[in-house]
$ cat query22.cif   # mmCIF, C-alpha atoms
data_final
#
loop_
_atom_site.label_atom_id
_atom_site.label_comp_id
_atom_site.auth_asym_id
_atom_site.auth_seq_id
_atom_site.Cartn_x
_atom_site.Cartn_y
_atom_site.Cartn_z
CA MET A 926 24.64 29.77 165.14
CA LYS A 927 27.73 29.44 162.90
CA GLU A 928 25.56 29.72 159.79
CA LEU A 929 23.99 32.81 161.27
CA ALA A 930 27.34 34.46 161.88
CA PHE A 931 28.46 33.66 158.32
CA LEU A 932 25.25 35.15 156.93
CA ALA A 933 25.81 38.32 158.97
CA PHE A 934 29.37 38.57 157.63
CA VAL A 935 28.12 38.29 154.03
CA VAL A 936 25.54 41.03 154.67
CA CYS A 937 28.31 43.29 156.01
CA LEU A 938 30.47 42.65 152.93
CA LEU A 939 27.57 43.55 150.66
CA MET A 940 27.18 46.82 152.55
CA VAL A 941 30.87 47.72 152.16
CA VAL A 942 31.34 46.84 148.45
CA PRO A 943 29.05 49.56 147.00
CA THR A 944 30.86 52.29 149.01
CA GLN A 945 34.17 51.19 147.47
CA ASN A 946 32.75 51.53 143.97
CA THR A 947 32.03 55.23 144.55
CA ARG A 948 35.80 55.85 144.56
CA ALA A 949 36.17 54.92 140.90
CA GLU A 950 38.59 57.12 138.97
CA THR A 951 37.16 59.93 136.84
CA THR A 952 37.54 59.29 133.12
CA SER A 953 36.87 61.12 129.86
CA ILE A 954 33.51 59.29 129.72
CA ASP A 955 32.46 61.13 132.88
CA VAL A 956 33.62 64.39 131.28
CA GLU A 957 31.58 63.65 128.14
CA GLN A 958 28.49 62.89 130.21
CA GLU A 959 28.83 66.19 132.08
CA LEU A 960 29.30 68.01 128.77
CA GLN A 961 26.20 66.34 127.27
CA SER A 962 24.14 67.46 130.26
CA LEU A 963 24.84 71.08 129.27
CA GLY A 964 23.14 70.48 125.88
CA LEU A 965 25.57 72.62 123.84
CA GLN A 966 25.65 72.76 120.04
CA SER A 967 29.47 72.72 119.96
CA ALA A 968 29.78 69.82 122.38
CA ALA A 969 31.74 67.71 119.86
CA GLU A 970 34.29 70.46 119.19
CA ILE A 971 34.73 71.12 122.90
CA MET A 972 35.12 67.41 123.68
CA THR A 973 37.77 66.98 120.96
CA ALA A 974 39.76 69.86 122.45
CA ILE A 975 39.41 68.46 125.96
CA GLU A 976 40.69 65.07 124.82
CA THR A 977 43.67 66.79 123.20
CA GLY A 978 44.31 68.44 126.56
CA PHE A 979 44.22 65.05 128.28
CA LEU A 980 46.70 63.61 125.77
CA GLN A 981 49.07 66.56 126.23
CA GLY A 982 48.82 66.31 130.02
CA ARG A 983 47.50 69.87 130.17
CA LEU A 984 44.15 68.86 131.67
CA THR A 985 42.83 66.22 134.04
CA PRO A 986 39.36 64.62 133.95
CA ASP A 987 38.82 65.66 137.58
CA GLU A 988 39.25 69.37 136.92
CA MET A 989 37.06 69.19 133.79
CA VAL A 990 34.26 67.33 135.59
CA SER A 991 34.41 69.92 138.36
CA LEU A 992 34.26 72.81 135.86
CA LEU A 993 31.43 71.32 133.78
CA SER A 994 29.29 70.32 136.76
CA ASN A 995 29.71 73.76 138.35
CA LEU A 996 28.82 75.38 135.05
CA ALA A 997 25.75 73.14 134.64
CA ALA A 998 24.53 74.09 138.12
CA TYR A 999 25.12 77.82 137.50
CA SER A 1000 22.21 79.99 136.48
CA GLY A 1001 22.74 81.79 133.18
CA GLU A 1002 22.27 81.59 129.44
CA ARG A 1003 23.35 78.43 127.67
CA GLU A 1004 25.01 80.55 124.95
CA ASP A 1005 27.26 82.24 127.53
CA LYS A 1006 28.33 78.86 128.90
CA GLU A 1007 29.01 77.64 125.36
CA ILE A 1008 31.17 80.67 124.45
CA LEU A 1009 33.07 80.31 127.70
CA LEU A 1010 33.86 76.66 127.02
CA LEU A 1011 34.65 77.36 123.36
CA THR A 1012 37.18 80.03 124.40
CA ILE A 1013 38.98 77.47 126.56
CA ALA A 1014 38.66 74.73 123.91
CA ARG A 1015 40.06 76.89 121.09
CA ALA A 1016 42.90 78.18 123.27
CA LEU A 1017 43.80 74.56 123.95
CA LYS A 1018 43.31 72.99 120.51
CA ASP A 1019 43.80 75.77 117.96
CA ASP A 1020 46.41 77.88 119.77
CA SER A 1021 48.01 75.06 121.80
CA LEU A 1022 48.02 77.12 124.99
CA PRO A 1023 48.03 76.05 128.64
CA VAL A 1024 44.53 76.64 130.01
CA THR A 1025 44.78 75.92 133.75
CA MET A 1026 44.73 79.66 134.47
CA LEU A 1027 41.54 80.07 132.42
CA ILE A 1028 39.81 77.16 134.14
CA ASP A 1029 40.83 78.47 137.55
CA LYS A 1030 39.41 81.91 136.77
CA VAL A 1031 36.10 80.43 135.61
CA GLU A 1032 35.88 78.38 138.83
CA GLU A 1033 36.64 81.49 140.89
CA GLY A 1034 34.07 83.56 139.01
CA LEU A 1035 31.40 80.88 139.55
CA ALA A 1036 32.28 80.67 143.25
CA ARG A 1037 32.03 84.46 143.56
CA LYS A 1038 28.67 84.32 141.73
CA VAL A 1039 29.89 86.72 139.06
CA SER A 1040 27.81 87.02 135.86
CA LEU A 1041 28.79 84.75 132.98
CA GLN A 1042 29.35 87.79 130.72
CA THR A 1043 31.96 89.18 133.15
CA ILE A 1044 33.71 85.81 133.33
CA ARG A 1045 33.62 85.58 129.52
CA GLN A 1046 35.31 88.96 129.14
CA MET A 1047 38.00 88.08 131.64
CA ILE A 1048 38.69 84.66 130.08
CA SER A 1049 38.83 86.11 126.59
CA GLY A 1050 41.37 88.76 127.67
CA ARG A 1051 43.48 86.21 129.51
CA ALA A 1052 43.43 83.80 126.54
CA ASN A 1053 44.79 86.65 124.37
CA LEU A 1054 47.48 87.33 126.96
CA LEU A 1055 48.52 83.67 127.01
CA ALA A 1056 48.92 83.70 123.22
CA GLU A 1057 50.90 86.98 123.31
CA VAL A 1058 53.24 85.71 126.03
CA ARG A 1059 53.76 82.40 124.24
CA ASP A 1060 54.67 84.33 121.06
CA LEU A 1061 56.99 86.58 123.07
CA LEU A 1062 58.89 83.54 124.33
CA TYR A 1063 59.11 82.20 120.77
CA MET A 1064 60.44 85.55 119.58
CA ASN A 1065 63.08 85.34 122.29
CA LEU A 1066 64.05 81.86 121.13
CA ILE A 1067 62.50 79.99 124.02
CA PHE A 1068 60.66 76.99 122.63
CA THR A 1069 59.04 73.80 123.70
CA SER A 1070 59.81 71.89 120.53
CA SER A 1071 63.20 71.21 118.94
CA GLU A 1072 61.93 71.65 115.37
CA TYR A 1073 63.20 75.23 115.04
CA GLY A 1074 66.92 74.41 115.37
CA GLN A 1075 68.20 77.96 115.52
CA GLU A 1076 71.30 79.12 117.32
CA ASN A 1077 70.81 80.28 120.93
CA CYS A 1078 67.47 78.48 120.80
CA LEU A 1079 66.41 77.00 124.12
CA VAL A 1080 64.03 74.08 124.27
CA LEU A 1081 62.10 73.57 127.49
CA PRO A 1082 59.94 70.57 128.41
CA LEU A 1083 56.24 71.34 127.90
CA PRO A 1084 55.26 71.58 131.62
CA ARG A 1085 58.11 74.07 132.31
CA PHE A 1086 57.29 76.10 129.22
CA ASP A 1087 53.57 76.12 130.08
CA PHE A 1088 54.29 77.14 133.65
CA LEU A 1089 56.39 80.13 132.56
CA VAL A 1090 53.77 81.24 130.02
CA THR A 1091 51.02 80.93 132.62
CA GLN A 1092 52.89 82.81 135.36
CA ILE A 1093 53.93 85.69 133.10
CA ALA A 1094 50.46 85.99 131.55
CA ASP A 1095 48.84 85.89 134.98
CA THR A 1096 51.16 88.65 136.25
CA LEU A 1097 50.29 90.82 133.26
CA ALA A 1098 46.57 90.08 133.66
CA ASN A 1099 46.65 91.02 137.35
CA TYR A 1100 48.49 94.23 136.48
CA GLN A 1101 45.95 95.08 133.81
CA GLU A 1102 42.92 94.18 135.97
CA SER A 1103 44.22 96.45 138.75
CA GLY A 1104 43.61 99.35 136.35
CA ARG A 1105 47.21 100.51 135.93
CA SER A 1106 48.69 101.92 132.76
CA PRO A 1107 50.21 99.52 130.18
CA LEU A 1108 52.80 102.15 129.36
CA GLU A 1109 54.68 101.66 132.65
CA GLY A 1110 56.92 98.92 131.25
CA TYR A 1111 59.37 98.93 134.16
CA LEU A 1112 56.57 98.54 136.71
CA ILE A 1113 55.19 95.56 134.80
CA TYR A 1114 58.68 94.09 134.49
CA GLU A 1115 59.20 94.56 138.24
CA GLU A 1116 55.97 92.71 138.98
CA MET A 1117 57.07 89.86 136.72
CA ARG A 1118 60.52 89.77 138.35
CA THR A 1119 58.96 89.65 141.85
CA ARG A 1120 56.63 86.82 140.87
CA LEU A 1121 59.38 84.72 139.28
CA SER A 1122 61.73 85.37 142.21
CA MET A 1123 59.12 84.20 144.71
CA LEU A 1124 58.59 81.04 142.69
CA GLN A 1125 62.34 80.47 142.57
CA GLN A 1126 62.81 81.11 146.31
CA ASN A 1127 60.21 78.46 147.05
CA ALA A 1128 61.91 76.06 144.62
CA ILE A 1129 58.78 75.91 142.48
CA ILE A 1130 60.70 76.77 139.28
CA PRO A 1131 64.40 76.34 138.52
CA ALA A 1132 66.66 79.40 138.87
CA GLU A 1133 67.84 78.99 135.28
CA ASP A 1134 64.30 79.56 133.96
CA VAL A 1135 64.00 82.79 135.94
CA GLU A 1136 67.40 84.02 134.74
CA LEU A 1137 66.47 83.14 131.17
CA ILE A 1138 63.23 85.15 131.25
CA LEU A 1139 64.70 88.17 133.05
CA GLU A 1140 67.63 88.22 130.65
CA ARG A 1141 65.73 87.87 127.38
CA ILE A 1142 62.46 89.70 127.98
CA LYS A 1143 62.56 93.48 128.09
CA PRO A 1144 60.09 95.93 129.75
CA GLU A 1145 59.09 97.40 126.39
CA SER A 1146 57.97 93.96 125.20
CA LEU A 1147 55.58 93.73 128.14
CA THR A 1148 54.17 97.17 127.39
CA HIS A 1149 53.69 96.08 123.80
CA ILE A 1150 51.80 92.95 124.86
CA LEU A 1151 49.46 94.77 127.21
CA SER A 1152 48.76 97.47 124.62
CA ASN A 1153 47.94 94.80 122.03
CA VAL A 1154 45.53 93.01 124.36
CA LEU A 1155 43.90 96.27 125.36
CA SER A 1156 43.30 97.23 121.72
CA GLN A 1157 41.90 93.75 120.99
CA GLN A 1158 39.45 94.15 123.85
CA GLN A 1159 38.36 97.58 122.63
CA GLN A 1160 37.60 96.30 119.11
CA MET B 208 -17.02 23.35 228.31
CA HIS B 209 -16.37 20.22 226.39
CA LYS B 210 -13.06 19.96 224.59
CA ASP B 211 -14.70 19.51 221.14
CA ASP B 212 -16.85 22.57 221.64
CA LEU B 213 -13.79 24.58 222.61
CA GLU B 214 -11.92 23.55 219.44
CA LYS B 215 -14.95 24.46 217.30
CA LEU B 216 -15.23 27.85 219.02
CA LEU B 217 -11.52 28.57 218.48
CA GLY B 218 -11.80 27.50 214.82
CA ASP B 219 -14.81 29.73 214.20
CA THR B 220 -13.19 32.72 215.93
CA LEU B 221 -9.99 32.30 213.98
CA GLN B 222 -11.88 31.97 210.70
CA GLN B 223 -13.89 35.08 211.53
CA GLU B 224 -10.73 37.08 212.31
CA VAL B 225 -9.01 35.90 209.14
CA SER B 226 -12.02 36.81 207.01
CA GLU B 227 -12.16 40.25 208.69
CA GLU B 228 -8.43 40.96 208.03
CA ARG B 229 -8.35 39.41 204.52
CA HIS B 230 -8.51 42.75 202.70
CA TYR B 231 -5.01 43.54 204.04
CA LEU B 232 -3.63 40.66 202.00
CA ASP B 233 -5.16 41.82 198.74
CA GLY B 234 -2.39 43.21 196.48
CA LEU B 235 0.29 42.55 199.11
CA GLU B 236 2.19 40.19 196.82
CA LYS B 237 2.36 42.80 194.08
CA LYS B 238 3.57 45.41 196.58
CA ILE B 239 6.36 43.12 197.80
CA VAL B 240 7.45 42.27 194.26
CA ALA B 241 7.44 45.94 193.26
CA GLU B 242 9.48 46.91 196.32
CA LEU B 243 12.05 44.18 195.73
CA THR B 244 12.34 45.06 192.05
CA GLY B 245 12.97 48.67 192.97
CA ARG B 246 15.81 47.69 195.29
CA LEU B 247 17.47 45.46 192.68
CA PRO B 248 20.11 47.04 190.34
CA ARG B 249 18.60 48.27 187.04
CA LYS B 250 19.08 46.01 184.06
CA GLY B 251 20.86 47.42 181.00
CA TRP B 252 20.10 47.48 177.28
CA LEU B 253 21.78 44.09 176.88
CA HIS B 254 19.27 42.47 179.23
CA ALA B 255 16.41 44.15 177.38
CA LEU B 256 17.80 42.86 174.10
CA THR B 257 18.17 39.33 175.49
CA ARG B 258 14.57 39.41 176.74
CA LEU B 259 13.43 40.65 173.37
CA PHE B 260 15.08 37.69 171.68
CA ALA B 261 13.70 35.30 174.27
CA GLN B 262 10.18 36.58 173.65
CA MET B 263 10.44 36.03 169.90
CA GLN B 264 8.56 32.91 169.08
CA SER B 265 9.63 32.56 165.47
CA SER B 266 13.23 31.45 164.93
CA HIS B 267 13.14 33.09 161.46
CA ARG B 268 12.45 36.53 162.95
CA ARG B 269 15.12 35.95 165.55
CA GLN B 270 17.69 35.22 162.81
CA LEU B 271 16.73 38.35 160.92
CA ALA B 272 17.12 40.43 164.05
CA VAL B 273 20.58 38.95 164.72
CA ILE B 274 21.69 39.72 161.14
CA GLY B 275 20.37 43.27 161.31
CA ILE B 276 22.02 44.09 164.62
CA THR B 277 25.32 42.50 163.54
CA ALA B 278 25.24 44.54 160.33
CA VAL B 279 24.68 47.78 162.26
CA ILE B 280 27.56 46.92 164.63
CA PHE B 281 29.86 46.20 161.65
CA LEU B 282 28.78 49.42 159.94
CA PHE B 283 29.69 51.57 162.95
CA LEU B 284 32.90 49.58 163.40
CA GLY B 285 33.74 50.23 159.72
CA ILE B 286 33.17 53.98 160.06
CA PHE B 287 35.25 54.03 163.24
CA VAL B 288 38.13 52.15 161.57
CA SER B 289 37.97 54.19 158.35
CA GLU B 290 38.29 57.42 160.35
CA ARG B 291 41.43 56.28 162.13
CA LEU B 292 43.45 54.01 159.86
CA PRO B 293 45.08 55.55 156.76
CA LEU B 294 44.60 52.27 154.89
CA PHE B 295 40.83 52.55 155.15
CA ARG B 296 40.52 56.33 155.06
CA GLY B 297 38.09 57.36 152.34
CA LEU B 298 36.32 53.98 152.34
CA PHE B 299 33.11 55.88 153.04
CA SER B 300 33.98 58.57 150.54
CA ALA B 301 30.40 59.03 149.40
CA TYR B 302 29.61 60.23 152.91
CA ASP B 303 32.76 62.33 153.18
CA GLU B 304 32.23 64.17 149.90
CA GLN B 305 28.83 65.39 151.03
CA HIS B 306 30.14 66.88 154.24
CA THR B 307 33.73 67.92 153.71
CA THR B 308 36.10 68.89 150.97
CA THR B 309 39.39 67.07 150.83
CA ILE B 310 42.70 68.01 149.26
CA THR B 311 45.32 65.62 147.99
CA ALA B 312 48.27 65.87 150.31
CA ASN B 313 51.80 65.65 149.00
CA SER B 314 54.82 64.92 151.12
CA ASP B 315 56.83 67.16 148.81
CA GLY B 316 54.64 70.17 149.53
CA GLY B 317 53.90 71.86 152.81
CA GLN B 318 51.44 72.42 155.60
CA LEU B 319 49.65 75.71 155.26
CA LEU B 320 47.84 77.17 158.25
CA PHE B 321 44.82 79.34 157.50
CA VAL B 322 43.71 81.61 160.35
CA MET B 323 40.74 83.98 160.31
CA PRO B 324 39.60 86.02 163.32
CA ALA B 325 35.80 86.18 163.12
CA PRO B 326 34.15 86.45 166.56
CA GLY B 327 30.46 85.63 166.47
CA ALA B 328 30.57 84.12 162.97
CA GLN B 329 28.43 81.08 162.22
CA THR B 330 30.59 79.60 159.45
CA VAL B 331 34.06 80.43 158.19
CA ALA B 332 35.53 78.75 155.11
CA VAL B 333 38.55 79.15 152.89
CA VAL B 334 38.18 78.96 149.10
CA GLY B 335 41.07 78.96 146.68
CA SER B 336 42.86 77.79 143.60
CA PHE B 337 44.14 74.75 145.53
CA ASN B 338 40.71 73.16 145.37
CA ASN B 339 38.68 74.65 142.51
CA TRP B 340 37.35 77.35 144.85
CA LYS B 341 35.20 74.93 146.81
CA PRO B 342 34.74 75.88 150.47
CA ILE B 343 36.80 74.16 153.15
CA LEU B 344 35.40 74.84 156.61
CA LEU B 345 37.56 76.33 159.36
CA THR B 346 36.91 75.38 162.98
CA ASP B 347 36.86 77.30 166.25
CA GLU B 348 36.99 74.51 168.82
CA ASP B 349 37.81 76.69 171.84
CA GLU B 350 35.22 79.28 170.74
CA ASP B 351 37.62 82.22 171.08
CA GLY B 352 36.58 83.66 167.70
CA ILE B 353 39.79 82.53 165.95
CA TRP B 354 38.92 80.11 163.18
CA LEU B 355 41.60 77.88 161.67
CA THR B 356 42.43 74.95 159.48
CA ASN B 357 45.65 73.32 158.36
CA LEU B 358 45.97 72.08 154.77
CA SER B 359 48.59 69.95 153.04
CA LEU B 360 49.31 71.43 149.64
CA THR B 361 51.54 70.53 146.73
CA PRO B 362 54.21 73.12 145.81
CA GLY B 363 52.83 76.10 143.92
CA ARG B 364 51.38 79.59 144.06
CA TYR B 365 47.85 79.72 145.43
CA GLU B 366 45.22 82.44 145.40
CA TYR B 367 42.52 82.26 148.05
CA ALA B 368 39.97 84.14 150.14
CA PHE B 369 37.99 83.55 153.31
CA VAL B 370 34.20 83.36 153.28
CA VAL B 371 32.69 84.50 156.59
CA ASP B 372 28.94 83.86 156.79
CA GLY B 373 28.79 84.05 152.99
CA ARG B 374 30.87 87.24 152.68
CA TRP B 375 34.27 87.17 150.93
CA TRP B 376 37.43 88.45 152.67
CA GLY B 377 40.42 88.52 150.35
CA GLN B 378 43.05 90.21 152.48
CA ASP B 379 44.67 87.72 154.84
CA PRO B 380 47.43 89.31 156.99
CA LEU B 381 49.43 86.08 156.63
CA ALA B 382 49.45 86.29 152.81
CA ASP B 383 52.62 86.78 150.77
CA GLU B 384 50.83 89.19 148.42
CA TYR B 385 47.39 90.33 147.25
CA VAL B 386 45.85 90.60 143.80
CA ARG B 387 42.69 92.23 142.48
CA SER B 388 40.17 89.78 141.06
CA PHE B 389 36.56 90.25 139.90
CA GLY B 390 36.40 93.59 141.67
CA GLY B 391 37.61 92.15 145.00
CA TYR B 392 40.87 90.92 146.45
CA ASN B 393 42.56 87.54 146.60
CA SER B 394 45.35 86.64 149.01
CA VAL B 395 48.34 84.74 147.67
CA ARG B 396 50.56 82.20 149.39
CA TYR B 397 53.55 80.32 147.98
CA VAL B 398 54.06 76.69 148.99
CA GLY B 399 57.60 75.50 148.41
CA HIS B 400 59.40 72.21 148.20
CA THR B 401 61.11 72.89 151.52
CA GLY B 402 58.25 71.68 153.69
CA ASP B 403 56.66 73.80 156.37
CA ASN B 404 55.27 77.07 155.03
CA ILE B 405 53.33 78.26 158.06
#

$ encode --input "query22.cif" --output "structure tokens"
Amino acid sequence: MKELAFLAFVVCLLMVVPTQNTRAETTSIDVEQELQSLGLQSAAEIMTAIETGFLQGRLTPDEMVSLLSNLAAYSGEREDKEILLLTIARALKDDSLPVTMLIDKVEEGLARKVSLQTIRQMISGRANLLAEVRDLLYMNLIFTSSEYGQENCLVLPLPRFDFLVTQIADTLANYQESGRSPLEGYLIYEEMRTRLSMLQQNAIIPAEDVELILERIKPESLTHILSNVLSQQQQ
Amino acid sequence: MHKDDLEKLLGDTLQQEVSEERHYLDGLEKKIVAELTGRLPRKGWLHALTRLFAQMQSSHRRQLAVIGITAVIFLFLGIFVSERLPLFRGLFSAYDEQHTTTITANSDGGQLLFVMPAPGAQTVAVVGSFNNWKPILLTDEDEDGIWLTNLSLTPGRYEYAFVVDGRWWGQDPLADEYVRSFGGYNSVRYVGHTGDNI
């Protein structure tokens, strides 16, 4: 009977071990497999950009696997999926932009069952906004690298810099997508101020970052950015 | 009458009476057994299992049955333990992922209560930027039409919407603000470092 009990115990262990293996951590290999399943021509370029994102800490394998698997399961043209991923990849690799906002919008669009063309347009506009806002911070001597060495230059750690760029760009995108005029600089500035204040009140960003942005960025700069993006979209 | 004749007569008469009444005895034993069995307390599944084992002639088959039943008991015990002890929670993740969506909790974040009044709805879920817009089901345990769920979220700004029987509702009265998105609305909530954000 003892042998029998031991045998039963071993059987139970064998049943438990495979369930533990399913909790293995997601890696870039899983991301590559998901990407291959899409059968895209630019898979290599996209994968290189994704790996850069992993190295910079701007992306995680989990969010990429989620995005790619949702995209693979979504009905639509392969070319649209490829352009969508290339927009994110180029924003990340070529323009060195934070792309969490872009990924989030794609996920939302897929969940809402919006057409891939609509998602593409939105992502493209938002990628332009991210680049414009990043450049605006540079112009106002807010950097994420110490190589510039100018007076009054402020160097922020990459996650803080990325977060500011993302929040300002998202505020501008929401303003634009609500159909309001880009010429109302003070309204846009007020929206940005409200957003940053809410983040500060909830201790999500430091007060000094909010003061810095509100002090250095002017309403006319925001109007300029939105007008630029609008003209890019019309071309 | 002679004594021997009398004994013979009595014997014959008795034999004749017994043979005449014999049909009453047919099936009487079965009736008694059935009646007694009915009066006895009913035997449970354990007794049935024991009898099943006792009837098994082959010791090999008996061993296999013991192993199988022990494995099933351990399996249910494992699921029971994994549901209740934090150490083992997620052990059966393959099962969990098919049925529910989980969010990584963070002690530095806050509890966020999502409430949606939807009387008569079949399913109510919340989707949002906190979980790649995958549905998290709300529950209405007291069936009063108020669906709710409580999520632990890391600090941040989250956009979300409710999905009631497949239809999106982006304007939650408890939201901090609303934004337009893909032609609809999203609600927005801020989760701070201070803890409770309900």

$ atom_distance --input "query22.cif" --atom1 "CA of Leu1083 (chain A)" --atom2 "CA of Phe1068 (chain A)"
8.9 Å

$ resolve_selection --input "query22.cif" --expression "the PyMOL selection byres ((chain B) within 8 of (chain A))" --output "PyMOL selection string"
chain B and resi 270+273-275+277-278+281-282+298-301+335-336+339-341+362-364+386-389+397-401

$ atom_distance --input "query22.cif" --atom1 "CA of Asp351 (chain B)" --atom2 "CA of Ala328 (chain B)"
10.9 Å

$ atom_distance --input "query22.cif" --atom1 "CA of Val334 (chain B)" --atom2 "CA of Ala368 (chain B)"
5.6 Å

$ residues_around --input "query22.cif" --residues "Ser1152 (chain A)" --least-positions-apart "4" --cutoff "10 Å" --atoms "all atoms listed in the file" --output "CSV table (one decimal) with C-alpha atoms, keeping the file's coordinate frame"
chain,number,residue,atom,x,y,z
A,1101,GLN,CA,46.0,95.1,133.8
A,1106,SER,CA,48.7,101.9,132.8
A,1107,PRO,CA,50.2,99.5,130.2
A,1108,LEU,CA,52.8,102.2,129.4
A,1146,SER,CA,58.0,94.0,125.2
A,1147,LEU,CA,55.6,93.7,128.1
A,1148,THR,CA,54.2,97.2,127.4
A,1156,SER,CA,43.3,97.2,121.7
A,1157,GLN,CA,41.9,93.8,121.0
A,1158,GLN,CA,39.4,94.2,123.8

$ resolve_selection --input "query22.cif" --expression "the PyMOL selection byres ((chain B and resi 376) around 10)" --output "list in words"
Met323, Val333, Tyr367, Ala368, Phe369, Val370, Val371, Gly373, Arg374, Trp375, Gly377, Gln378, Asp379, Gly391, Tyr392, Asn393 and Ser394 of chain B

$ residues_near_point --input "query22.cif" --point "(39.9, 73.2, 154.9)" --cutoff "7 Å" --atoms "all atoms listed in the file" --output "MDAnalysis selection string"
chainID B and resid 308 333 343:345 356:358

$ resolve_selection --input "query22.cif" --expression "the PyMOL selection byres ((chain A and resi 999-1003) around 8)" --output "number ranges by chain"
A: 963, 965, 995-998, 1004-1007, 1035, 1040-1041

$ residues_near_point --input "query22.cif" --point "(58.7, 74.3, 127.2)" --cutoff "8 Å" --atoms "only C-alpha atoms" --output "number ranges by chain"
A: 1067-1070, 1080-1087

$ closest_residue --input "query22.cif" --among "A:Glu1133, A:Ala969, A:Leu1079, A:Glu950" --to "Asn1065 (chain A)" --atoms "only C-alpha atoms"
A:Leu1079
